[in-house]
Protein chains: 2
Amino acid sequence: MSDVAGRDPEAVSRFVERFAAQLVEAGLARMPARVFAALLASDSGALTSAELGEQLQISPAGVSGAVRYLSQVHMLSREREPGSRRERYRVHSDQWYQAITNREAIIKRWEDALREGVASLGAGTPAGHRLAETLAFFEFIEKDLVEMMERWQVRRAELFPDG
Amino acid sequence: MSDVAGRDPEAVSRFVERFAAQLVEAGLARMPARVFAALLASDSGALTSAELGEQLQISPAGVSGAVRYLSQVHMLSREREPGSRRERYRVHSDQWYQAITNREAIIKRWEDALREGVASLGAGTPAGHRLAETLAFFEFIEKDLVEMMERWQVRRAELFPDG
DNA sequence: CCTTAACTTCACAAATTTCTGAAAGAAGCG
DNA sequence: CGCTTCTTTCAGAAATTTGTGAAGTTAAGG
């Protein structure tokens, strides 16, 4: 069943393309950005490969590549409808929470590189000191982000008691 | 005066390239990433165009493009040494604070796109509800990020009393 | 098992991005 | 004012990325 039926496809498309453009500007590749935006704007929160391909005018191969990337970075999850070979790609309500939590993996690698830098340039040198301070900043961010997400869960429950 | 003199250029270069690679993976363009990493790893915290060009093996044009971008997103600042036409590009100790604050501009544009989406898809629809929840998340993040940066300033003063 | 629907992989064409050399543009200094 | 030094702009070559068609793989359903 098409998720788009009964809605203004143009309004949907307009939002999808605009929001995707912002995601692209923030560093996401074009096609994953469009797929993610389309899911976000769907009523059911889940679309099949065919639906995505039709709505976004992209080939099955394009959809495949985009969802592979998005699922790697935990921005969507795949589900198989039982007794069908159709896959559905879904955004969850805590998807952003997931995505941000995933950012921590990136921060961890930055921290590794910085620790190496402090060691090889020397903790006593001005440059070493700068790297150490940068490292401390990321360690702070990492810890504080976790707490921030906890605060969001609380706030979310307040704003959307039934969500 | 070369900032690199008296240090192991190989150790510096190794850190610069590794850290830059992480920044690239996070979405920054290659050359801005390398320039930023080189500044971070310099003892003085500031390098001239010629020094950057030599250390990174890139042309003056490359340096120019990279620093233009980095200064736009507030990841470095330019200074003119008085009585010289040489420019120095500097990272400040609160540079990451600046960069994150700048991210808020991006979040603001996401929020605009989402508000439009809620309006055009209808606040009462499931999709509209999802967009509204996403919007609320970003509004929360935006406010909380500011407080987080304030907490960092406090923490930083504790860790580096003389910084 | 065989058919068939769905997804994935792969090689390639097209579009985009990146980086450079060359030329033009500022700005200090005599 | 003209020389010199440094930076920026710009057109284009080179490299990378993107998205597709076509072939290949998997698994449901007879």
# chains A, B, ... in the order shown; residues from 1 in each chain; ligands from 1
$ calpha_fit_and_write --fixed "chain A" --moving "chain B" --output "short mmCIF file (atom, residue, chain, number, x, y, z; two decimals) with N, CA and C atoms, in the first residue's frame"
data_model
loop_
_atom_site.label_atom_id
_atom_site.label_comp_id
_atom_site.auth_asym_id
_atom_site.auth_seq_id
_atom_site.Cartn_x
_atom_site.Cartn_y
_atom_site.Cartn_z
N MET B 1 0.84 -1.17 -0.44
CA MET B 1 0.05 0.05 -0.20
C MET B 1 0.95 1.29 -0.20
N SER B 2 0.66 2.20 -1.11
CA SER B 2 1.50 3.38 -1.13
C SER B 2 1.24 4.25 0.08
N ASP B 3 2.31 4.70 0.65
CA ASP B 3 2.20 5.56 1.82
C ASP B 3 1.83 6.97 1.39
N VAL B 4 2.00 7.23 0.12
CA VAL B 4 1.85 8.60 -0.35
C VAL B 4 0.39 8.90 -0.74
N ALA B 5 -0.38 7.85 -1.00
CA ALA B 5 -1.77 8.03 -1.42
C ALA B 5 -2.53 8.92 -0.44
N GLY B 6 -3.34 9.79 -1.00
CA GLY B 6 -4.18 10.65 -0.15
C GLY B 6 -3.45 11.85 0.40
N ARG B 7 -2.21 12.04 0.00
CA ARG B 7 -1.48 13.23 0.42
C ARG B 7 -1.07 14.02 -0.81
N ASP B 8 -0.68 15.20 -0.59
CA ASP B 8 -0.23 16.02 -1.71
C ASP B 8 1.22 15.65 -2.03
N PRO B 9 1.43 14.92 -3.11
CA PRO B 9 2.78 14.43 -3.40
C PRO B 9 3.77 15.58 -3.60
N GLU B 10 3.25 16.68 -4.09
CA GLU B 10 4.13 17.82 -4.31
C GLU B 10 4.63 18.41 -3.00
N ALA B 11 3.71 18.52 -2.04
CA ALA B 11 4.10 19.06 -0.74
C ALA B 11 5.13 18.14 -0.09
N VAL B 12 4.90 16.84 -0.20
CA VAL B 12 5.85 15.88 0.36
C VAL B 12 7.20 16.05 -0.30
N SER B 13 7.18 16.05 -1.62
CA SER B 13 8.43 16.15 -2.36
C SER B 13 9.18 17.44 -2.04
N ARG B 14 8.43 18.51 -1.90
CA ARG B 14 9.08 19.79 -1.59
C ARG B 14 9.82 19.69 -0.27
N PHE B 15 9.14 19.14 0.75
CA PHE B 15 9.82 19.01 2.04
C PHE B 15 11.03 18.08 1.93
N VAL B 16 10.83 16.95 1.28
CA VAL B 16 11.91 15.96 1.17
C VAL B 16 13.15 16.59 0.55
N GLU B 17 12.96 17.30 -0.54
CA GLU B 17 14.13 17.86 -1.22
C GLU B 17 14.78 18.98 -0.41
N ARG B 18 13.97 19.77 0.24
CA ARG B 18 14.55 20.86 1.06
C ARG B 18 15.32 20.33 2.25
N PHE B 19 14.71 19.39 2.93
CA PHE B 19 15.38 18.87 4.12
C PHE B 19 16.64 18.10 3.71
N ALA B 20 16.51 17.34 2.64
CA ALA B 20 17.67 16.59 2.16
C ALA B 20 18.82 17.54 1.81
N ALA B 21 18.48 18.66 1.21
CA ALA B 21 19.51 19.63 0.83
C ALA B 21 20.28 20.11 2.07
N GLN B 22 19.57 20.30 3.18
CA GLN B 22 20.23 20.73 4.42
C GLN B 22 21.15 19.64 4.94
N LEU B 23 20.68 18.41 4.84
CA LEU B 23 21.51 17.30 5.30
C LEU B 23 22.77 17.18 4.44
N VAL B 24 22.60 17.39 3.15
CA VAL B 24 23.76 17.35 2.24
C VAL B 24 24.77 18.42 2.65
N GLU B 25 24.24 19.61 2.92
CA GLU B 25 25.12 20.70 3.30
C GLU B 25 25.89 20.37 4.58
N ALA B 26 25.29 19.54 5.41
CA ALA B 26 25.94 19.17 6.67
C ALA B 26 26.89 17.99 6.48
N GLY B 27 27.00 17.50 5.23
CA GLY B 27 28.01 16.48 4.97
C GLY B 27 27.50 15.11 4.55
N LEU B 28 26.18 14.89 4.60
CA LEU B 28 25.64 13.60 4.19
C LEU B 28 25.61 13.51 2.67
N ALA B 29 25.82 12.34 2.13
CA ALA B 29 25.77 12.17 0.68
C ALA B 29 24.34 12.36 0.19
N ARG B 30 24.23 12.76 -1.07
CA ARG B 30 22.95 13.17 -1.61
C ARG B 30 21.85 12.11 -1.49
N MET B 31 22.16 10.91 -1.94
CA MET B 31 21.08 9.93 -2.02
C MET B 31 20.65 9.42 -0.65
N PRO B 32 21.58 9.12 0.24
CA PRO B 32 21.15 8.79 1.61
C PRO B 32 20.32 9.91 2.23
N ALA B 33 20.68 11.14 1.97
CA ALA B 33 19.93 12.27 2.52
C ALA B 33 18.49 12.25 2.02
N ARG B 34 18.30 12.01 0.73
CA ARG B 34 16.95 12.01 0.17
C ARG B 34 16.14 10.84 0.69
N VAL B 35 16.76 9.69 0.78
CA VAL B 35 16.05 8.51 1.29
C VAL B 35 15.63 8.75 2.73
N PHE B 36 16.54 9.26 3.53
CA PHE B 36 16.21 9.50 4.94
C PHE B 36 15.07 10.50 5.07
N ALA B 37 15.14 11.57 4.29
CA ALA B 37 14.09 12.61 4.35
C ALA B 37 12.74 12.02 3.93
N ALA B 38 12.76 11.17 2.91
CA ALA B 38 11.52 10.56 2.43
C ALA B 38 10.88 9.70 3.53
N LEU B 39 11.71 8.97 4.24
CA LEU B 39 11.19 8.13 5.33
C LEU B 39 10.61 9.00 6.44
N LEU B 40 11.33 10.06 6.75
CA LEU B 40 10.89 10.97 7.80
C LEU B 40 9.52 11.55 7.47
N ALA B 41 9.29 11.78 6.18
CA ALA B 41 8.06 12.44 5.75
C ALA B 41 6.96 11.45 5.40
N SER B 42 7.20 10.18 5.63
CA SER B 42 6.17 9.19 5.31
C SER B 42 5.24 9.01 6.51
N ASP B 43 3.97 8.69 6.25
CA ASP B 43 3.04 8.52 7.36
C ASP B 43 3.35 7.29 8.19
N SER B 44 3.72 6.22 7.50
CA SER B 44 3.96 4.97 8.23
C SER B 44 5.35 4.92 8.85
N GLY B 45 6.25 5.75 8.39
CA GLY B 45 7.61 5.72 8.91
C GLY B 45 8.44 4.61 8.30
N ALA B 46 7.87 3.91 7.32
CA ALA B 46 8.59 2.82 6.67
C ALA B 46 8.16 2.73 5.23
N LEU B 47 9.14 2.56 4.33
CA LEU B 47 8.84 2.45 2.91
C LEU B 47 9.62 1.28 2.31
N THR B 48 9.10 0.76 1.22
CA THR B 48 9.82 -0.31 0.52
C THR B 48 10.78 0.31 -0.48
N SER B 49 11.66 -0.53 -0.99
CA SER B 49 12.62 -0.09 -2.00
C SER B 49 11.89 0.49 -3.21
N ALA B 50 10.83 -0.19 -3.67
CA ALA B 50 10.09 0.27 -4.85
C ALA B 50 9.46 1.63 -4.60
N GLU B 51 8.88 1.81 -3.40
CA GLU B 51 8.24 3.09 -3.09
C GLU B 51 9.27 4.22 -3.07
N LEU B 52 10.42 3.94 -2.47
CA LEU B 52 11.47 4.95 -2.43
C LEU B 52 11.94 5.27 -3.84
N GLY B 53 12.14 4.24 -4.63
CA GLY B 53 12.59 4.44 -6.00
C GLY B 53 11.63 5.30 -6.79
N GLU B 54 10.35 5.02 -6.66
CA GLU B 54 9.36 5.76 -7.42
C GLU B 54 9.29 7.21 -6.95
N GLN B 55 9.20 7.37 -5.63
CA GLN B 55 9.04 8.73 -5.11
C GLN B 55 10.24 9.62 -5.41
N LEU B 56 11.42 9.05 -5.34
CA LEU B 56 12.64 9.85 -5.51
C LEU B 56 13.20 9.76 -6.93
N GLN B 57 12.56 8.95 -7.74
CA GLN B 57 13.05 8.77 -9.12
C GLN B 57 14.49 8.30 -9.15
N ILE B 58 14.76 7.24 -8.44
CA ILE B 58 16.10 6.65 -8.48
C ILE B 58 15.98 5.15 -8.70
N SER B 59 17.05 4.57 -9.19
CA SER B 59 17.04 3.16 -9.54
C SER B 59 17.12 2.28 -8.29
N PRO B 60 16.72 1.00 -8.43
CA PRO B 60 16.87 0.06 -7.31
C PRO B 60 18.29 0.05 -6.76
N ALA B 61 19.27 0.16 -7.66
CA ALA B 61 20.67 0.16 -7.21
C ALA B 61 20.94 1.36 -6.32
N GLY B 62 20.38 2.49 -6.71
CA GLY B 62 20.56 3.69 -5.91
C GLY B 62 19.97 3.52 -4.52
N VAL B 63 18.76 2.98 -4.47
CA VAL B 63 18.13 2.74 -3.17
C VAL B 63 18.99 1.81 -2.33
N SER B 64 19.44 0.75 -2.97
CA SER B 64 20.24 -0.24 -2.26
C SER B 64 21.48 0.39 -1.62
N GLY B 65 22.19 1.18 -2.40
CA GLY B 65 23.40 1.83 -1.88
C GLY B 65 23.08 2.77 -0.74
N ALA B 66 22.00 3.54 -0.89
CA ALA B 66 21.65 4.52 0.13
C ALA B 66 21.27 3.83 1.44
N VAL B 67 20.43 2.81 1.37
CA VAL B 67 19.98 2.17 2.60
C VAL B 67 21.12 1.39 3.27
N ARG B 68 22.02 0.87 2.45
CA ARG B 68 23.17 0.19 3.06
C ARG B 68 23.94 1.18 3.93
N TYR B 69 24.23 2.35 3.35
CA TYR B 69 24.95 3.36 4.12
C TYR B 69 24.17 3.78 5.37
N LEU B 70 22.89 4.10 5.19
CA LEU B 70 22.10 4.60 6.32
C LEU B 70 21.99 3.57 7.44
N SER B 71 21.91 2.31 7.06
CA SER B 71 21.79 1.32 8.12
C SER B 71 23.12 1.15 8.84
N GLN B 72 24.21 1.32 8.10
CA GLN B 72 25.55 1.27 8.74
C GLN B 72 25.70 2.32 9.83
N VAL B 73 25.22 3.52 9.55
CA VAL B 73 25.37 4.60 10.53
C VAL B 73 24.13 4.71 11.43
N HIS B 74 23.33 3.65 11.43
CA HIS B 74 22.19 3.57 12.35
C HIS B 74 21.17 4.68 12.17
N MET B 75 20.95 5.07 10.93
CA MET B 75 19.92 6.08 10.71
C MET B 75 18.62 5.47 10.20
N LEU B 76 18.61 4.18 9.95
CA LEU B 76 17.37 3.47 9.68
C LEU B 76 17.57 2.02 10.04
N SER B 77 16.49 1.28 10.11
CA SER B 77 16.61 -0.16 10.32
C SER B 77 15.79 -0.86 9.25
N ARG B 78 16.23 -2.06 8.93
CA ARG B 78 15.55 -2.83 7.88
C ARG B 78 14.64 -3.83 8.55
N GLU B 79 13.51 -4.06 7.93
CA GLU B 79 12.66 -5.13 8.41
C GLU B 79 12.16 -5.92 7.21
N ARG B 80 12.01 -7.22 7.39
CA ARG B 80 11.41 -8.10 6.39
C ARG B 80 9.99 -8.36 6.83
N GLU B 81 9.04 -8.07 5.97
CA GLU B 81 7.69 -8.51 6.29
C GLU B 81 7.69 -10.02 6.15
N PRO B 82 7.19 -10.72 7.16
CA PRO B 82 7.26 -12.19 7.12
C PRO B 82 6.48 -12.70 5.91
N GLY B 83 7.01 -13.70 5.27
CA GLY B 83 6.35 -14.25 4.09
C GLY B 83 6.37 -13.32 2.91
N SER B 84 7.44 -12.61 2.74
CA SER B 84 7.57 -11.75 1.58
C SER B 84 9.03 -11.50 1.38
N ARG B 85 9.43 -11.21 0.16
CA ARG B 85 10.86 -10.90 -0.02
C ARG B 85 11.05 -9.39 -0.14
N ARG B 86 9.98 -8.68 0.19
CA ARG B 86 10.09 -7.24 0.20
C ARG B 86 10.69 -6.76 1.51
N GLU B 87 11.60 -5.83 1.41
CA GLU B 87 12.19 -5.28 2.62
C GLU B 87 11.56 -3.93 2.90
N ARG B 88 11.41 -3.59 4.16
CA ARG B 88 10.93 -2.25 4.51
C ARG B 88 12.02 -1.53 5.28
N TYR B 89 12.19 -0.25 4.96
CA TYR B 89 13.21 0.54 5.63
C TYR B 89 12.50 1.53 6.53
N ARG B 90 12.88 1.55 7.78
CA ARG B 90 12.11 2.28 8.78
C ARG B 90 12.97 3.26 9.57
N VAL B 91 12.40 4.43 9.84
CA VAL B 91 13.02 5.33 10.83
C VAL B 91 12.25 5.17 12.14
N HIS B 92 12.98 5.12 13.22
CA HIS B 92 12.34 5.00 14.53
C HIS B 92 12.23 6.38 15.16
N SER B 93 11.43 6.47 16.18
CA SER B 93 11.24 7.78 16.81
C SER B 93 12.51 8.17 17.57
N ASP B 94 13.32 7.20 17.94
CA ASP B 94 14.56 7.54 18.66
C ASP B 94 15.76 7.52 17.72
N GLN B 95 15.46 7.73 16.42
CA GLN B 95 16.51 7.60 15.42
C GLN B 95 17.63 8.63 15.59
N TRP B 96 17.26 9.82 15.95
CA TRP B 96 18.28 10.86 16.10
C TRP B 96 19.16 10.58 17.31
N TYR B 97 18.49 10.07 18.33
CA TYR B 97 19.22 9.62 19.51
C TYR B 97 20.29 8.61 19.09
N GLN B 98 19.85 7.63 18.30
CA GLN B 98 20.78 6.62 17.79
C GLN B 98 21.93 7.24 17.00
N ALA B 99 21.56 8.14 16.09
CA ALA B 99 22.57 8.71 15.21
C ALA B 99 23.62 9.48 16.00
N ILE B 100 23.15 10.22 17.01
CA ILE B 100 24.10 11.00 17.82
C ILE B 100 24.97 10.08 18.66
N THR B 101 24.36 9.05 19.20
CA THR B 101 25.14 8.08 19.95
C THR B 101 26.24 7.51 19.06
N ASN B 102 25.89 7.27 17.81
CA ASN B 102 26.85 6.76 16.85
C ASN B 102 28.01 7.72 16.61
N ARG B 103 27.72 9.01 16.68
CA ARG B 103 28.78 10.00 16.51
C ARG B 103 29.92 9.78 17.51
N GLU B 104 29.58 9.19 18.63
CA GLU B 104 30.61 8.97 19.65
C GLU B 104 31.73 8.08 19.14
N ALA B 105 31.38 7.18 18.23
CA ALA B 105 32.42 6.32 17.66
C ALA B 105 33.44 7.18 16.92
N ILE B 106 32.93 8.19 16.22
CA ILE B 106 33.82 9.10 15.50
C ILE B 106 34.69 9.87 16.48
N ILE B 107 34.06 10.42 17.52
CA ILE B 107 34.81 11.17 18.52
C ILE B 107 35.92 10.32 19.12
N LYS B 108 35.60 9.06 19.38
CA LYS B 108 36.60 8.16 19.95
C LYS B 108 37.84 8.08 19.05
N ARG B 109 37.64 8.01 17.76
CA ARG B 109 38.79 7.92 16.85
C ARG B 109 39.57 9.22 16.82
N TRP B 110 38.86 10.35 16.95
CA TRP B 110 39.56 11.63 17.06
C TRP B 110 40.45 11.62 18.29
N GLU B 111 39.88 11.12 19.37
CA GLU B 111 40.64 11.10 20.62
C GLU B 111 41.89 10.25 20.49
N ASP B 112 41.76 9.11 19.83
CA ASP B 112 42.93 8.25 19.63
C ASP B 112 44.03 9.00 18.89
N ALA B 113 43.64 9.66 17.80
CA ALA B 113 44.62 10.39 17.01
C ALA B 113 45.28 11.48 17.86
N LEU B 114 44.48 12.14 18.69
CA LEU B 114 45.02 13.22 19.52
C LEU B 114 45.98 12.67 20.57
N ARG B 115 45.61 11.54 21.18
CA ARG B 115 46.50 10.96 22.19
C ARG B 115 47.86 10.64 21.57
N GLU B 116 47.82 10.02 20.41
CA GLU B 116 49.06 9.74 19.70
C GLU B 116 49.85 11.01 19.45
N GLY B 117 49.14 12.05 19.06
CA GLY B 117 49.79 13.31 18.78
C GLY B 117 50.47 13.89 20.01
N VAL B 118 49.80 13.86 21.13
CA VAL B 118 50.39 14.37 22.38
C VAL B 118 51.66 13.60 22.69
N ALA B 119 51.58 12.27 22.55
CA ALA B 119 52.74 11.43 22.86
C ALA B 119 53.90 11.73 21.92
N SER B 120 53.63 11.86 20.63
CA SER B 120 54.75 11.97 19.70
C SER B 120 55.30 13.39 19.60
N LEU B 121 54.47 14.38 19.87
CA LEU B 121 54.99 15.75 19.83
C LEU B 121 55.55 16.17 21.20
N GLY B 122 55.17 15.46 22.23
CA GLY B 122 55.67 15.76 23.57
C GLY B 122 54.68 16.59 24.36
N ALA B 123 54.29 16.07 25.53
CA ALA B 123 53.27 16.73 26.35
C ALA B 123 53.74 18.10 26.83
N GLY B 124 55.08 18.27 26.87
CA GLY B 124 55.61 19.53 27.38
C GLY B 124 55.68 20.65 26.35
N THR B 125 55.54 20.32 25.09
CA THR B 125 55.64 21.34 24.05
C THR B 125 54.33 22.12 23.93
N PRO B 126 54.43 23.33 23.40
CA PRO B 126 53.20 24.11 23.20
C PRO B 126 52.18 23.36 22.35
N ALA B 127 52.64 22.74 21.26
CA ALA B 127 51.72 22.00 20.40
C ALA B 127 51.08 20.85 21.17
N GLY B 128 51.93 20.14 21.92
CA GLY B 128 51.42 19.02 22.72
C GLY B 128 50.36 19.50 23.70
N HIS B 129 50.60 20.65 24.27
CA HIS B 129 49.63 21.20 25.21
C HIS B 129 48.31 21.51 24.52
N ARG B 130 48.40 22.06 23.32
CA ARG B 130 47.17 22.37 22.58
C ARG B 130 46.39 21.10 22.25
N LEU B 131 47.12 20.06 21.84
CA LEU B 131 46.43 18.81 21.52
C LEU B 131 45.80 18.22 22.77
N ALA B 132 46.50 18.34 23.90
CA ALA B 132 45.97 17.80 25.15
C ALA B 132 44.68 18.52 25.54
N GLU B 133 44.66 19.81 25.31
CA GLU B 133 43.47 20.58 25.64
C GLU B 133 42.31 20.18 24.72
N THR B 134 42.63 19.99 23.45
CA THR B 134 41.61 19.54 22.50
C THR B 134 41.06 18.18 22.91
N LEU B 135 41.98 17.31 23.30
CA LEU B 135 41.59 15.98 23.76
C LEU B 135 40.64 16.08 24.95
N ALA B 136 41.00 16.94 25.90
CA ALA B 136 40.14 17.11 27.09
C ALA B 136 38.75 17.60 26.69
N PHE B 137 38.72 18.47 25.70
CA PHE B 137 37.42 18.98 25.22
C PHE B 137 36.56 17.84 24.70
N PHE B 138 37.16 16.97 23.89
CA PHE B 138 36.37 15.88 23.33
C PHE B 138 35.94 14.88 24.40
N GLU B 139 36.82 14.67 25.37
CA GLU B 139 36.42 13.76 26.45
C GLU B 139 35.24 14.33 27.21
N PHE B 140 35.26 15.63 27.38
CA PHE B 140 34.14 16.29 28.04
C PHE B 140 32.86 16.14 27.22
N ILE B 141 32.96 16.47 25.95
CA ILE B 141 31.80 16.37 25.03
C ILE B 141 31.21 14.97 25.06
N GLU B 142 32.10 14.00 24.99
CA GLU B 142 31.66 12.62 24.92
C GLU B 142 30.78 12.25 26.11
N LYS B 143 31.26 12.63 27.28
CA LYS B 143 30.53 12.31 28.51
C LYS B 143 29.24 13.12 28.57
N ASP B 144 29.35 14.39 28.24
CA ASP B 144 28.20 15.28 28.37
C ASP B 144 27.10 14.94 27.36
N LEU B 145 27.50 14.45 26.19
CA LEU B 145 26.51 14.08 25.18
C LEU B 145 25.59 12.98 25.69
N VAL B 146 26.19 12.03 26.38
CA VAL B 146 25.40 10.94 26.94
C VAL B 146 24.34 11.49 27.90
N GLU B 147 24.78 12.39 28.77
CA GLU B 147 23.84 12.97 29.73
C GLU B 147 22.78 13.80 29.02
N MET B 148 23.20 14.46 27.97
CA MET B 148 22.26 15.27 27.19
C MET B 148 21.16 14.40 26.60
N MET B 149 21.55 13.25 26.09
CA MET B 149 20.55 12.35 25.50
C MET B 149 19.59 11.83 26.58
N GLU B 150 20.11 11.64 27.78
CA GLU B 150 19.23 11.23 28.89
C GLU B 150 18.23 12.33 29.20
N ARG B 151 18.72 13.55 29.22
CA ARG B 151 17.81 14.67 29.47
C ARG B 151 16.75 14.76 28.37
N TRP B 152 17.16 14.45 27.15
CA TRP B 152 16.19 14.51 26.06
C TRP B 152 15.08 13.46 26.25
N GLN B 153 15.46 12.28 26.65
CA GLN B 153 14.44 11.24 26.87
C GLN B 153 13.40 11.72 27.87
N VAL B 154 13.86 12.40 28.92
CA VAL B 154 12.94 12.93 29.92
C VAL B 154 12.03 13.98 29.30
N ARG B 155 12.66 14.89 28.61
CA ARG B 155 11.91 15.99 27.99
C ARG B 155 10.90 15.46 26.97
N ARG B 156 11.32 14.47 26.22
CA ARG B 156 10.47 13.90 25.19
C ARG B 156 9.21 13.29 25.81
N ALA B 157 9.41 12.60 26.92
CA ALA B 157 8.27 11.99 27.60
C ALA B 157 7.29 13.06 28.08
N GLU B 158 7.82 14.22 28.46
CA GLU B 158 6.95 15.33 28.87
C GLU B 158 6.14 15.86 27.68
N LEU B 159 6.85 16.08 26.57
CA LEU B 159 6.21 16.71 25.42
C LEU B 159 5.26 15.78 24.68
N PHE B 160 5.64 14.50 24.61
CA PHE B 160 4.83 13.54 23.85
C PHE B 160 4.54 12.32 24.73
N PRO B 161 3.61 12.48 25.67
CA PRO B 161 3.37 11.42 26.67
C PRO B 161 3.01 10.09 26.03
N ASP B 162 2.40 10.14 24.84
CA ASP B 162 1.97 8.91 24.19
C ASP B 162 2.97 8.42 23.15
N GLY B 163 3.96 9.25 22.84
CA GLY B 163 4.91 8.90 21.78
C GLY B 163 5.52 7.54 22.01
#
$ select_by_dssp --residues "chain B" --states "helix (DSSP H, G or I)" --output "PyMOL selection string"
chain B and resi 9-25+30-40+49-56+60-72+95-121+126-159
$ closest_atom_pairs --of "chain C" --to "chain A" --cutoff "10 Å" --atoms "only C-alpha atoms (C1' of nucleotides)" --output "Markdown table"
| residue | atom | partner | partner_atom | distance |
| --- | --- | --- | --- | --- |
| C:DA5 | C1' | A:Arg85 | CA | 7.2 |
| C:DA6 | C1' | A:Arg85 | CA | 5.8 |
| C:DC7 | C1' | A:Ser64 | CA | 7.4 |
| C:DT8 | C1' | A:Ser64 | CA | 7.2 |
| C:DT9 | C1' | A:Ala61 | CA | 8.9 |
$ interface_residues --of "chain D" --to "chain A" --cutoff "8 Å" --atoms "only C-alpha atoms (C1' of nucleotides)" --output "PyMOL selection string"
chain D and resi 19-20+27-28
$ atom_distance --atom1 "atom C1' of DC10 of chain D" --atom2 "atom C1' of DA14 of chain C"
23.8 Å
$ atom_distance --atom1 "atom C1' of DT26 of chain D" --atom2 "atom C1' of DA13 of chain C"
28.9 Å
$ atom_distance --atom1 "atom C1' of DG21 of chain C" --atom2 "atom C1' of DA13 of chain D"
10.7 Å
